[in-house]
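For reference, run.csv is printed below; it contains CSV, C-alpha atoms and all ligand atoms.
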chain,number,residue,atom,x,y,z
A,1131,MET,CA,0.0,0.0,0.0
A,1132,SER,CA,1.4,3.4,-0.9
A,1133,LYS,CA,1.8,6.0,1.8
A,1134,PRO,CA,-0.8,8.9,1.7
A,1135,LYS,CA,0.8,11.9,0.0
A,1136,ILE,CA,1.6,14.7,2.5
A,1137,LYS,CA,0.1,18.0,1.6
A,1138,LEU,CA,2.9,20.6,1.5
A,1139,GLN,CA,2.0,23.7,3.4
A,1140,LYS,CA,3.2,27.1,2.3
A,1141,ILE,CA,6.0,28.6,4.4
A,1142,PHE,CA,5.3,32.1,5.7
A,1143,PHE,CA,7.9,34.8,6.1
A,1144,ILE,CA,6.3,37.2,8.5
A,1145,GLY,CA,7.2,40.7,9.6
A,1146,ALA,CA,6.9,40.7,13.4
A,1147,GLY,CA,7.0,44.5,13.6
A,1148,PRO,CA,9.5,46.7,15.4
A,1149,GLY,CA,9.0,45.4,19.0
A,1150,ASP,CA,5.6,46.2,20.4
A,1151,SER,CA,3.7,42.8,20.2
A,1152,GLU,CA,0.6,44.6,19.0
A,1153,LEU,CA,2.3,45.9,15.9
A,1154,ILE,CA,2.2,42.6,14.1
A,1155,THR,CA,-0.5,42.4,11.4
A,1156,VAL,CA,-3.7,40.5,12.1
A,1157,LYS,CA,-2.7,38.1,9.4
A,1158,GLY,CA,0.7,37.6,10.9
A,1159,LYS,CA,-0.8,36.9,14.3
A,1160,ARG,CA,-3.3,34.4,12.9
A,1161,LEU,CA,-0.5,32.5,11.0
A,1162,LEU,CA,1.6,32.4,14.2
A,1163,GLU,CA,-1.4,31.0,16.1
A,1164,GLU,CA,-1.7,28.2,13.5
A,1165,ALA,CA,2.0,27.4,13.2
A,1166,ASP,CA,3.6,24.0,14.1
A,1167,VAL,CA,7.1,25.4,13.8
A,1168,VAL,CA,8.3,28.9,14.3
A,1169,VAL,CA,11.9,30.1,13.6
A,1170,TYR,CA,12.4,33.7,14.8
A,1171,ALA,CA,15.2,36.1,14.4
A,1172,GLY,CA,16.0,36.4,18.1
A,1173,SER,CA,18.5,39.2,17.9
A,1174,LEU,CA,15.7,41.7,17.3
A,1175,VAL,CA,12.2,40.1,17.4
A,1176,ASN,CA,10.5,40.8,20.7
A,1177,GLU,CA,9.8,37.5,22.4
A,1178,LYS,CA,6.5,38.9,23.5
A,1179,VAL,CA,5.3,38.3,19.9
A,1180,LEU,CA,5.8,34.6,20.7
A,1181,GLN,CA,2.8,34.7,23.1
A,1182,TYR,CA,0.6,34.1,20.0
A,1183,VAL,CA,2.3,30.7,19.3
A,1184,GLN,CA,0.5,27.6,20.4
A,1185,LYS,CA,2.1,25.7,23.4
A,1186,ASP,CA,3.0,22.5,21.6
A,1187,ALA,CA,4.6,24.3,18.6
A,1188,ALA,CA,8.4,23.9,18.1
A,1189,VAL,CA,10.1,27.3,18.5
A,1190,TYR,CA,13.7,28.0,17.4
A,1191,ASN,CA,15.8,31.2,17.8
A,1192,SER,CA,17.8,31.6,14.6
A,1193,ALA,CA,20.2,34.2,16.2
A,1194,SER,CA,23.0,31.6,16.6
A,1195,MET,CA,22.2,29.5,13.5
A,1196,THR,CA,23.7,29.4,10.1
A,1197,LEU,CA,21.6,29.7,6.9
A,1198,ASP,CA,21.9,26.0,6.4
A,1199,GLU,CA,20.8,25.1,9.9
A,1200,ILE,CA,17.8,27.4,9.6
A,1201,MET,CA,16.7,26.1,6.2
A,1202,LYS,CA,17.2,22.4,7.3
A,1203,ILE,CA,14.6,22.9,10.0
A,1204,VAL,CA,12.2,24.8,7.8
A,1205,VAL,CA,12.5,22.5,4.8
A,1206,GLU,CA,12.2,19.3,6.8
A,1207,ALA,CA,9.1,20.6,8.7
A,1208,ALA,CA,7.5,21.7,5.4
A,1209,ARG,CA,8.1,18.2,3.9
A,1210,GLN,CA,6.3,16.7,6.9
A,1211,GLY,CA,3.3,18.8,6.1
A,1212,LYS,CA,3.8,21.1,9.1
A,1213,LYS,CA,2.9,24.8,9.1
A,1214,VAL,CA,6.1,26.8,9.3
A,1215,VAL,CA,6.6,30.5,10.1
A,1216,ARG,CA,9.9,32.3,9.7
A,1217,LEU,CA,9.6,35.4,11.8
A,1218,HIS,CA,11.7,38.5,10.9
A,1219,THR,CA,11.9,41.8,12.7
A,1220,GLY,CA,10.2,44.9,11.2
A,1221,ASP,CA,9.3,44.2,7.6
A,1222,PRO,CA,10.9,41.1,6.0
A,1223,THR,CA,11.9,42.8,2.8
A,1224,LEU,CA,14.4,45.2,4.4
A,1225,TYR,CA,17.8,43.9,5.6
A,1226,SER,CA,16.4,40.4,6.5
A,1227,ALA,CA,18.3,38.1,4.1
A,1228,LEU,CA,14.9,37.0,2.8
A,1229,GLY,CA,16.2,36.3,-0.7
A,1230,GLU,CA,18.8,33.7,0.2
A,1231,GLN,CA,16.2,31.8,2.2
A,1232,ALA,CA,13.6,32.1,-0.6
A,1233,ASP,CA,16.2,30.8,-3.2
A,1234,ILE,CA,16.6,27.6,-1.2
A,1235,LEU,CA,12.8,27.1,-1.0
A,1236,GLU,CA,12.5,27.6,-4.7
A,1237,ARG,CA,15.3,25.1,-5.4
A,1238,GLU,CA,13.5,22.6,-3.1
A,1239,GLY,CA,10.1,23.3,-4.7
A,1240,ILE,CA,8.5,24.5,-1.5
A,1241,PRO,CA,5.9,27.2,-1.8
A,1242,TYR,CA,6.2,30.3,0.3
A,1243,ALA,CA,4.6,33.7,0.9
A,1244,VAL,CA,5.7,36.9,2.5
A,1245,VAL,CA,3.5,38.8,5.0
A,1246,PRO,CA,4.6,42.5,5.5
A,1247,GLY,CA,5.4,44.0,8.8
A,1248,VAL,CA,5.8,47.5,10.4
A,1249,SER,CA,9.4,48.4,9.6
A,1250,SER,CA,11.4,50.1,12.4
A,1251,ALA,CA,11.7,53.1,10.0
A,1252,PHE,CA,8.0,53.7,10.3
A,1253,ALA,CA,7.9,52.9,14.0
A,1254,SER,CA,10.7,55.4,14.6
A,1255,ALA,CA,8.9,58.1,12.6
A,1256,ALA,CA,5.8,57.4,14.7
A,1257,ALA,CA,7.8,57.7,17.9
A,1258,LEU,CA,9.1,61.1,16.7
A,1259,LYS,CA,5.6,62.1,15.6
A,1260,ASP,CA,7.3,63.4,12.5
A,1261,GLU,CA,6.3,63.1,8.9
A,1262,LEU,CA,8.8,61.7,6.5
A,1263,THR,CA,7.4,63.6,3.6
A,1264,MET,CA,6.1,67.2,3.5
A,1265,PRO,CA,5.0,69.5,0.7
A,1266,GLU,CA,7.7,71.9,-0.5
A,1267,ILE,CA,10.3,70.2,1.7
A,1268,THR,CA,10.7,66.7,0.4
A,1269,GLN,CA,8.5,64.1,-1.3
A,1270,THR,CA,11.2,61.3,-1.1
A,1271,VAL,CA,12.4,58.9,1.5
A,1272,ILE,CA,15.6,56.9,1.1
A,1273,PHE,CA,16.1,53.6,3.1
A,1274,THR,CA,19.8,52.9,3.4
A,1275,ARG,CA,22.8,52.0,5.6
A,1276,LEU,CA,26.4,52.7,5.9
A,1277,GLU,CA,28.8,50.1,4.6
A,1278,GLY,CA,29.7,47.6,7.3
A,1279,LYS,CA,30.6,43.9,6.8
A,1280,THR,CA,28.0,44.1,4.0
A,1281,SER,CA,29.3,46.4,1.3
A,1282,VAL,CA,27.1,49.1,-0.3
A,1283,PRO,CA,27.3,49.9,-4.0
A,1284,GLU,CA,29.5,52.9,-4.8
A,1285,LYS,CA,26.6,54.9,-6.3
A,1286,GLU,CA,24.8,54.6,-3.0
A,1287,ARG,CA,27.4,56.2,-0.8
A,1288,LEU,CA,25.7,58.3,1.9
A,1289,ALA,CA,27.6,61.4,0.7
A,1290,GLY,CA,26.0,61.0,-2.7
A,1291,LEU,CA,22.5,60.2,-1.5
A,1292,ALA,CA,22.7,63.2,0.9
A,1293,ARG,CA,22.9,65.5,-2.2
A,1294,HIS,CA,19.2,64.8,-2.9
A,1295,SER,CA,18.2,66.5,0.4
A,1296,ALA,CA,15.4,63.9,0.8
A,1297,THR,CA,14.6,62.3,4.1
A,1298,MET,CA,16.8,59.4,4.9
A,1299,CYS,CA,16.2,56.4,7.2
A,1300,ILE,CA,19.6,54.9,8.0
A,1301,PHE,CA,19.5,51.3,9.3
A,1302,LEU,CA,22.3,49.3,10.9
A,1303,SER,CA,24.7,52.2,11.3
A,1304,VAL,CA,24.4,54.0,14.6
A,1305,GLY,CA,27.5,52.3,15.9
A,1306,MET,CA,29.4,54.3,13.2
A,1307,ILE,CA,27.5,57.5,13.8
A,1308,LYS,CA,30.6,59.6,13.3
A,1309,ASN,CA,31.3,58.3,9.8
A,1310,VAL,CA,27.6,58.6,9.0
A,1311,VAL,CA,27.6,62.3,9.9
A,1312,GLU,CA,30.8,63.0,8.0
A,1313,GLU,CA,29.2,61.6,4.9
A,1314,LEU,CA,25.9,63.3,5.4
A,1315,LYS,CA,27.5,66.7,5.8
A,1316,GLN,CA,28.8,66.4,2.3
A,1317,GLY,CA,25.2,66.8,1.1
A,1318,TYR,CA,23.0,68.3,3.8
A,1319,ALA,CA,23.6,71.6,5.6
A,1320,GLU,CA,25.0,71.3,9.1
A,1321,GLU,CA,21.8,72.6,10.7
A,1322,THR,CA,19.7,69.8,9.2
A,1323,PRO,CA,17.7,68.1,11.9
A,1324,VAL,CA,18.5,64.5,12.7
A,1325,ALA,CA,17.0,62.1,15.2
A,1326,VAL,CA,18.1,58.7,16.5
A,1327,VAL,CA,15.5,56.4,17.8
A,1328,TYR,CA,16.8,53.5,20.0
A,1329,ARG,CA,14.5,50.4,20.2
A,1330,ALA,CA,11.4,52.2,18.9
A,1331,THR,CA,8.2,50.8,20.6
A,1332,TRP,CA,10.2,48.8,23.2
A,1333,GLU,CA,9.9,49.7,26.9
A,1334,ASP,CA,13.4,51.2,26.9
A,1335,GLU,CA,12.9,53.3,23.7
A,1336,LYS,CA,15.0,56.4,23.6
A,1337,ILE,CA,14.9,59.4,21.4
A,1338,VAL,CA,17.8,61.8,20.7
A,1339,ARG,CA,17.1,64.9,18.6
A,1340,ALA,CA,19.8,67.1,17.3
A,1341,THR,CA,21.3,68.6,14.1
A,1342,LEU,CA,24.1,67.2,12.1
A,1343,LYS,CA,26.4,69.5,14.1
A,1344,ASP,CA,25.8,67.9,17.5
A,1345,ILE,CA,24.2,64.5,17.0
A,1346,VAL,CA,27.5,62.5,17.4
A,1347,VAL,CA,28.1,63.9,20.9
A,1348,LYS,CA,24.5,63.4,22.0
A,1349,VAL,CA,24.3,59.8,20.8
A,1350,LYS,CA,27.6,59.0,22.5
A,1351,LYS,CA,26.2,60.6,25.7
A,1352,ALA,CA,23.0,58.6,25.5
A,1353,LYS,CA,25.2,55.5,25.0
A,1354,ILE,CA,23.4,54.3,21.9
A,1355,ALA,CA,25.6,52.0,19.9
A,1356,ARG,CA,23.1,49.6,18.3
A,1357,GLN,CA,19.4,48.8,17.5
A,1358,ALA,CA,18.7,52.3,16.5
A,1359,MET,CA,17.3,54.2,13.5
A,1360,ILE,CA,18.9,57.4,12.3
A,1361,ILE,CA,16.4,59.7,10.5
A,1362,VAL,CA,17.8,62.8,8.9
A,1363,GLY,CA,16.1,65.5,6.8
A,1364,ARG,CA,14.3,68.8,6.9
A,1365,THR,CA,10.9,67.3,7.9
A,1366,ILE,CA,12.3,66.1,11.2
A,1367,GLY,CA,11.3,68.2,14.2
A,1368,VAL,CA,9.5,70.7,11.9
A,1369,ARG,CA,6.7,71.3,14.4
A,1370,SER,CA,9.0,72.8,17.0
A,1371,LYS,CA,11.7,74.5,14.9
A,1372,TRP,CA,10.7,75.0,11.3
A,1373,GLN,CA,7.1,75.8,11.7
A,1374,GLU,CA,7.3,78.7,9.2
A,1375,ALA,CA,8.7,76.4,6.6
A,1376,ARG,CA,5.6,74.2,6.6
A,1377,THR,CA,3.2,74.4,3.7
A,1378,LYS,CA,0.0,72.6,4.2
A,1379,SER,CA,-0.7,69.6,2.0
A,1380,LYS,CA,-3.1,69.9,-0.9
A,1381,LEU,CA,-5.0,66.8,0.3
A,1382,TYR,CA,-7.1,68.6,2.9
A,1383,ASP,CA,-6.9,72.1,1.3
A,1384,ARG,CA,-10.5,73.5,0.9
A,1385,ASN,CA,-9.5,75.0,-2.5
A,1386,PHE,CA,-8.2,71.7,-3.8
A,1387,GLU,CA,-10.5,69.2,-5.5
A,1388,HIS,CA,-9.9,65.5,-5.9
A,1389,GLY,CA,-11.7,62.2,-6.7
A,1390,TYR,CA,-13.3,62.0,-3.3
A,1391,ARG,CA,-14.1,65.7,-2.6
A,1392,LYS,CA,-15.4,68.7,-4.5
A,1393,LYS,CA,-13.8,72.1,-3.9
A,1394,LYS,CA,-15.5,74.0,-1.0
A,1395,LYS,CA,-17.2,77.3,-1.9
A,1396,GLY,CA,-16.4,80.6,-0.1
B,1401,LIG,N1,13.7,44.4,8.7
B,1401,LIG,C1,13.9,45.3,9.8
B,1401,LIG,C2,15.4,45.8,9.8
B,1401,LIG,C3,16.4,44.8,10.1
B,1401,LIG,S1,18.0,45.4,10.1
B,1401,LIG,C4,12.9,46.5,9.7
B,1401,LIG,O1,12.2,46.6,8.7
B,1401,LIG,O2,12.9,47.3,10.7
B,1401,LIG,C5,18.2,45.8,11.8
B,1401,LIG,C6,18.3,47.3,11.9
B,1401,LIG,O3,17.0,47.8,12.0
B,1401,LIG,C7,18.9,47.8,13.3
B,1401,LIG,O4,20.3,47.9,13.2
B,1401,LIG,C8,18.3,49.2,13.4
B,1401,LIG,O5,18.9,50.1,12.6
B,1401,LIG,C9,16.9,48.9,12.9
B,1401,LIG,N2,15.9,48.6,13.9
B,1401,LIG,C10,15.3,47.4,14.1
B,1401,LIG,N3,14.4,47.4,15.1
B,1401,LIG,C11,14.5,48.7,15.6
B,1401,LIG,C12,13.7,49.4,16.6
B,1401,LIG,N4,12.8,48.8,17.3
B,1401,LIG,N5,14.0,50.7,16.7
B,1401,LIG,C13,14.9,51.4,16.0
B,1401,LIG,N6,15.6,50.7,15.0
B,1401,LIG,C14,15.4,49.4,14.8

Write the structure described by the file as structure tokens, please.
Ligand code: SAH
Amino acid sequence: MSKPKIKLQKIFFIGAGPGDSELITVKGKRLLEEADVVVYAGSLVNEKVLQYVQKDAAVYNSASMTLDEIMKIVVEAARQGKKVVRLHTGDPTLYSALGEQADILEREGIPYAVVPGVSSAFASAAALKDELTMPEITQTVIFTRLEGKTSVPEKERLAGLARHSATMCIFLSVGMIKNVVEELKQGYAEETPVAVVYRATWEDEKIVRATLKDIVVKVKKAKIARQAMIIVGRTIGVRSKWQEARTKSKLYDRNFEHGYRKKKKG
């Protein structure tokens, strides 16, 4: 008698969000509740998110594992018809090594899907209560990082990107804040506002606000050397300092008409 064929389950790469366990999506939470196997990126995923995992599920912290070790667990579980979740911090499409895991699944013929999460870039902007885009100031946001062990293409050097005067969210670089600022100053004016958000949405969240002139000293003083987002640009801290520079958006302007609203008379 032939064995019944096991139905392969799709593997889900899920964004856990920036820390606060309520900032996972409803879909992400539901898939965690249904999972038989969860492999989470323990260096940054808040373990409180694991409260949604059922008691008898197997849970692995990938922080100390190699890619091969992670994928062995994931692939074997999938082959046994188990529901597998690979949990990444923030959004899985940013600095999460999603591609190299997905390549292996494609090679092995295992279906997978990606569920977005709240990136720490957005959680940090929310902590600052600042907009990343503002009319007349900038309509562009750049997600980037300084070169570390991972190289960054020459055309994407911070100094070059800074010349756009757009808002920049700089990941994985606070430990090299001095170098970051040196590069940024080649494009932005020294008085450009910059904020560093340490562990946005965690209980020990810290915010440091400054300009490019004094951010290095302030970050060192606050002893922030990792797990922080650097956000630089002229929309940062506008409410307090640059109020006069603000131009209201057309979206809610009474003289502006769009698909959902006619121009108001008078
Ligand atoms: N995929 C993640 C980023 C992973 S790279 C995301 O979308 O957020 C790790 C880097 O993200 C850290 O070095 C830091 O720059 C940033 N980061 C992650 N969590 C953070 C948090 N809660 N607050 C501030 N920055 C955070």

Just want the residues within 10 Å of ligand LIG 1401 (chain B), written as a PyMOL selection string, counting all atoms listed in the file.
chain A and resi 1145-1150+1171+1173-1176+1218-1228+1246-1255+1257+1273-1275+1299-1305+1326-1332+1334-1337+1355-1360

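The interatomic distance for the pair atom CA of Ile1366 of chain A and atom CA of Leu1342 of chain A works out to 11.9 Å.
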
What's the separation between atom CA of Gln1139 of chain A and atom CA of Val1179 of chain A, in Å to one decimal place?
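Atom CA of Val1179 of chain A lies 22.3 Å from atom CA of Gln1139 of chain A.
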
Counting only C-alpha atoms, closest pick from A:Lys1213, A:Ala1188, A:Gly1363, A:Leu1381 relative to Pro1241 of chain A is A:Lys1213

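Separating atom CA of Met1201 of chain A from atom CA of Gln1231 of chain A is a distance of 7.0 Å.
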
If we count all atoms listed in the file and set the cut-off at 12 Å, which residues sit around Asn1309 of chain A, ignoring sequence neighbours fewer than 5 positions away in its own chain? Please answer as an MDAnalysis selection string.
chainID A and resid 1275:1278 1287:1289 1303:1304 1314:1316 1342 1345:1346

Tell me which of A:Ile1136, A:Val1183, A:Val1244, A:Val1362 sits closest to Thr1322 of chain A, counting only C-alpha atoms.
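Smallest distance to Thr1322 of chain A is found for A:Val1362.
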
Pick from A:Ala1256, A:His1294, A:Lys1140, A:Ser1194: nearest to Arg1209 of chain A, with all atoms listed in the file counted?
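Distance minimum relative to Arg1209 of chain A lands on A:Lys1140.
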
Excluding Val1214 of chain A and its own-chain neighbours fewer than 4 positions away, which residues fall within 6 Å of it when counting only C-alpha atoms? Please give them as number ranges by chain.
A: 1141, 1165, 1167-1168

Contacts of Val1271 of chain A at 8 Å or less, counting all atoms listed in the file, minus same-chain residues fewer than 5 places along, as a PyMOL selection string?
chain A and resi 1262-1263+1296-1299

List every protein, DNA or RNA residue that has at least one atom no more than 8 Å from (14.8, 28.2, 17.1) in the file's coordinates, counting all atoms listed in the file, and write the result as a PyMOL selection string.
chain A and resi 1168-1170+1188-1192

Atom completion result for segment 1224-1247 of chain A (N, CA, C and O atoms) as a tab-separated table (two decimals), in the frame of the given file:
chain	number	residue	atom	x	y	z
A	1224	LEU	N	13.28	44.21	4.20
A	1224	LEU	CA	14.40	45.20	4.40
A	1224	LEU	C	15.43	44.50	5.33
A	1224	LEU	O	15.14	44.15	6.48
A	1225	TYR	N	16.64	44.36	4.81
A	1225	TYR	CA	17.80	43.90	5.60
A	1225	TYR	C	17.47	42.61	6.40
A	1225	TYR	O	17.77	42.54	7.58
A	1226	SER	N	16.80	41.66	5.78
A	1226	SER	CA	16.40	40.40	6.50
A	1226	SER	C	16.94	39.17	5.87
A	1226	SER	O	16.58	38.08	6.30
A	1227	ALA	N	17.73	39.27	4.82
A	1227	ALA	CA	18.30	38.10	4.10
A	1227	ALA	C	17.13	37.16	3.66
A	1227	ALA	O	17.26	35.94	3.69
A	1228	LEU	N	16.02	37.77	3.26
A	1228	LEU	CA	14.90	37.00	2.80
A	1228	LEU	C	15.23	36.22	1.49
A	1228	LEU	O	14.91	35.04	1.35
A	1229	GLY	N	15.92	36.90	0.59
A	1229	GLY	CA	16.20	36.30	-0.70
A	1229	GLY	C	16.95	35.02	-0.68
A	1229	GLY	O	16.59	34.07	-1.38
A	1230	GLU	N	17.98	34.96	0.17
A	1230	GLU	CA	18.80	33.70	0.20
A	1230	GLU	C	17.99	32.54	0.75
A	1230	GLU	O	18.22	31.39	0.38
A	1231	GLN	N	17.03	32.82	1.63
A	1231	GLN	CA	16.20	31.80	2.20
A	1231	GLN	C	15.16	31.34	1.09
A	1231	GLN	O	14.91	30.15	0.88
A	1232	ALA	N	14.60	32.34	0.43
A	1232	ALA	CA	13.60	32.10	-0.60
A	1232	ALA	C	14.23	31.26	-1.76
A	1232	ALA	O	13.60	30.34	-2.30
A	1233	ASP	N	15.49	31.57	-2.11
A	1233	ASP	CA	16.20	30.80	-3.20
A	1233	ASP	C	16.20	29.34	-2.87
A	1233	ASP	O	15.95	28.51	-3.75
A	1234	ILE	N	16.50	29.02	-1.63
A	1234	ILE	CA	16.60	27.60	-1.20
A	1234	ILE	C	15.21	26.95	-1.35
A	1234	ILE	O	15.07	25.83	-1.87
A	1235	LEU	N	14.18	27.66	-0.90
A	1235	LEU	CA	12.80	27.10	-1.00
A	1235	LEU	C	12.43	26.86	-2.45
A	1235	LEU	O	11.82	25.85	-2.78
A	1236	GLU	N	12.81	27.79	-3.31
A	1236	GLU	CA	12.50	27.60	-4.70
A	1236	GLU	C	13.19	26.42	-5.31
A	1236	GLU	O	12.62	25.63	-6.05
A	1237	ARG	N	14.47	26.29	-4.93
A	1237	ARG	CA	15.30	25.10	-5.40
A	1237	ARG	C	14.64	23.83	-4.93
A	1237	ARG	O	14.61	22.84	-5.64
A	1238	GLU	N	14.11	23.85	-3.71
A	1238	GLU	CA	13.50	22.60	-3.10
A	1238	GLU	C	12.06	22.43	-3.54
A	1238	GLU	O	11.42	21.48	-3.12
A	1239	GLY	N	11.52	23.37	-4.28
A	1239	GLY	CA	10.10	23.30	-4.70
A	1239	GLY	C	9.11	23.43	-3.60
A	1239	GLY	O	8.04	22.83	-3.63
A	1240	ILE	N	9.45	24.23	-2.61
A	1240	ILE	CA	8.50	24.50	-1.50
A	1240	ILE	C	7.87	25.84	-1.64
A	1240	ILE	O	8.58	26.84	-1.74
A	1241	PRO	N	6.54	25.88	-1.63
A	1241	PRO	CA	5.90	27.20	-1.80
A	1241	PRO	C	6.01	28.07	-0.58
A	1241	PRO	O	6.10	27.56	0.54
A	1242	TYR	N	6.05	29.35	-0.80
A	1242	TYR	CA	6.20	30.30	0.30
A	1242	TYR	C	5.47	31.58	0.01
A	1242	TYR	O	5.19	31.88	-1.16
A	1243	ALA	N	5.20	32.37	1.06
A	1243	ALA	CA	4.60	33.70	0.90
A	1243	ALA	C	5.22	34.63	1.90
A	1243	ALA	O	5.79	34.18	2.90
A	1244	VAL	N	5.11	35.92	1.63
A	1244	VAL	CA	5.70	36.90	2.50
A	1244	VAL	C	4.57	37.82	3.06
A	1244	VAL	O	3.75	38.31	2.29
A	1245	VAL	N	4.54	37.97	4.38
A	1245	VAL	CA	3.50	38.80	5.00
A	1245	VAL	C	4.25	40.07	5.55
A	1245	VAL	O	5.18	39.94	6.36
A	1246	PRO	N	3.88	41.27	5.09
A	1246	PRO	CA	4.60	42.50	5.50
A	1246	PRO	C	4.50	42.77	6.98
A	1246	PRO	O	3.62	42.25	7.67
A	1247	GLY	N	5.41	43.61	7.44
A	1247	GLY	CA	5.40	44.00	8.80
A	1247	GLY	C	5.65	45.52	8.94
A	1247	GLY	O	6.02	46.16	7.95
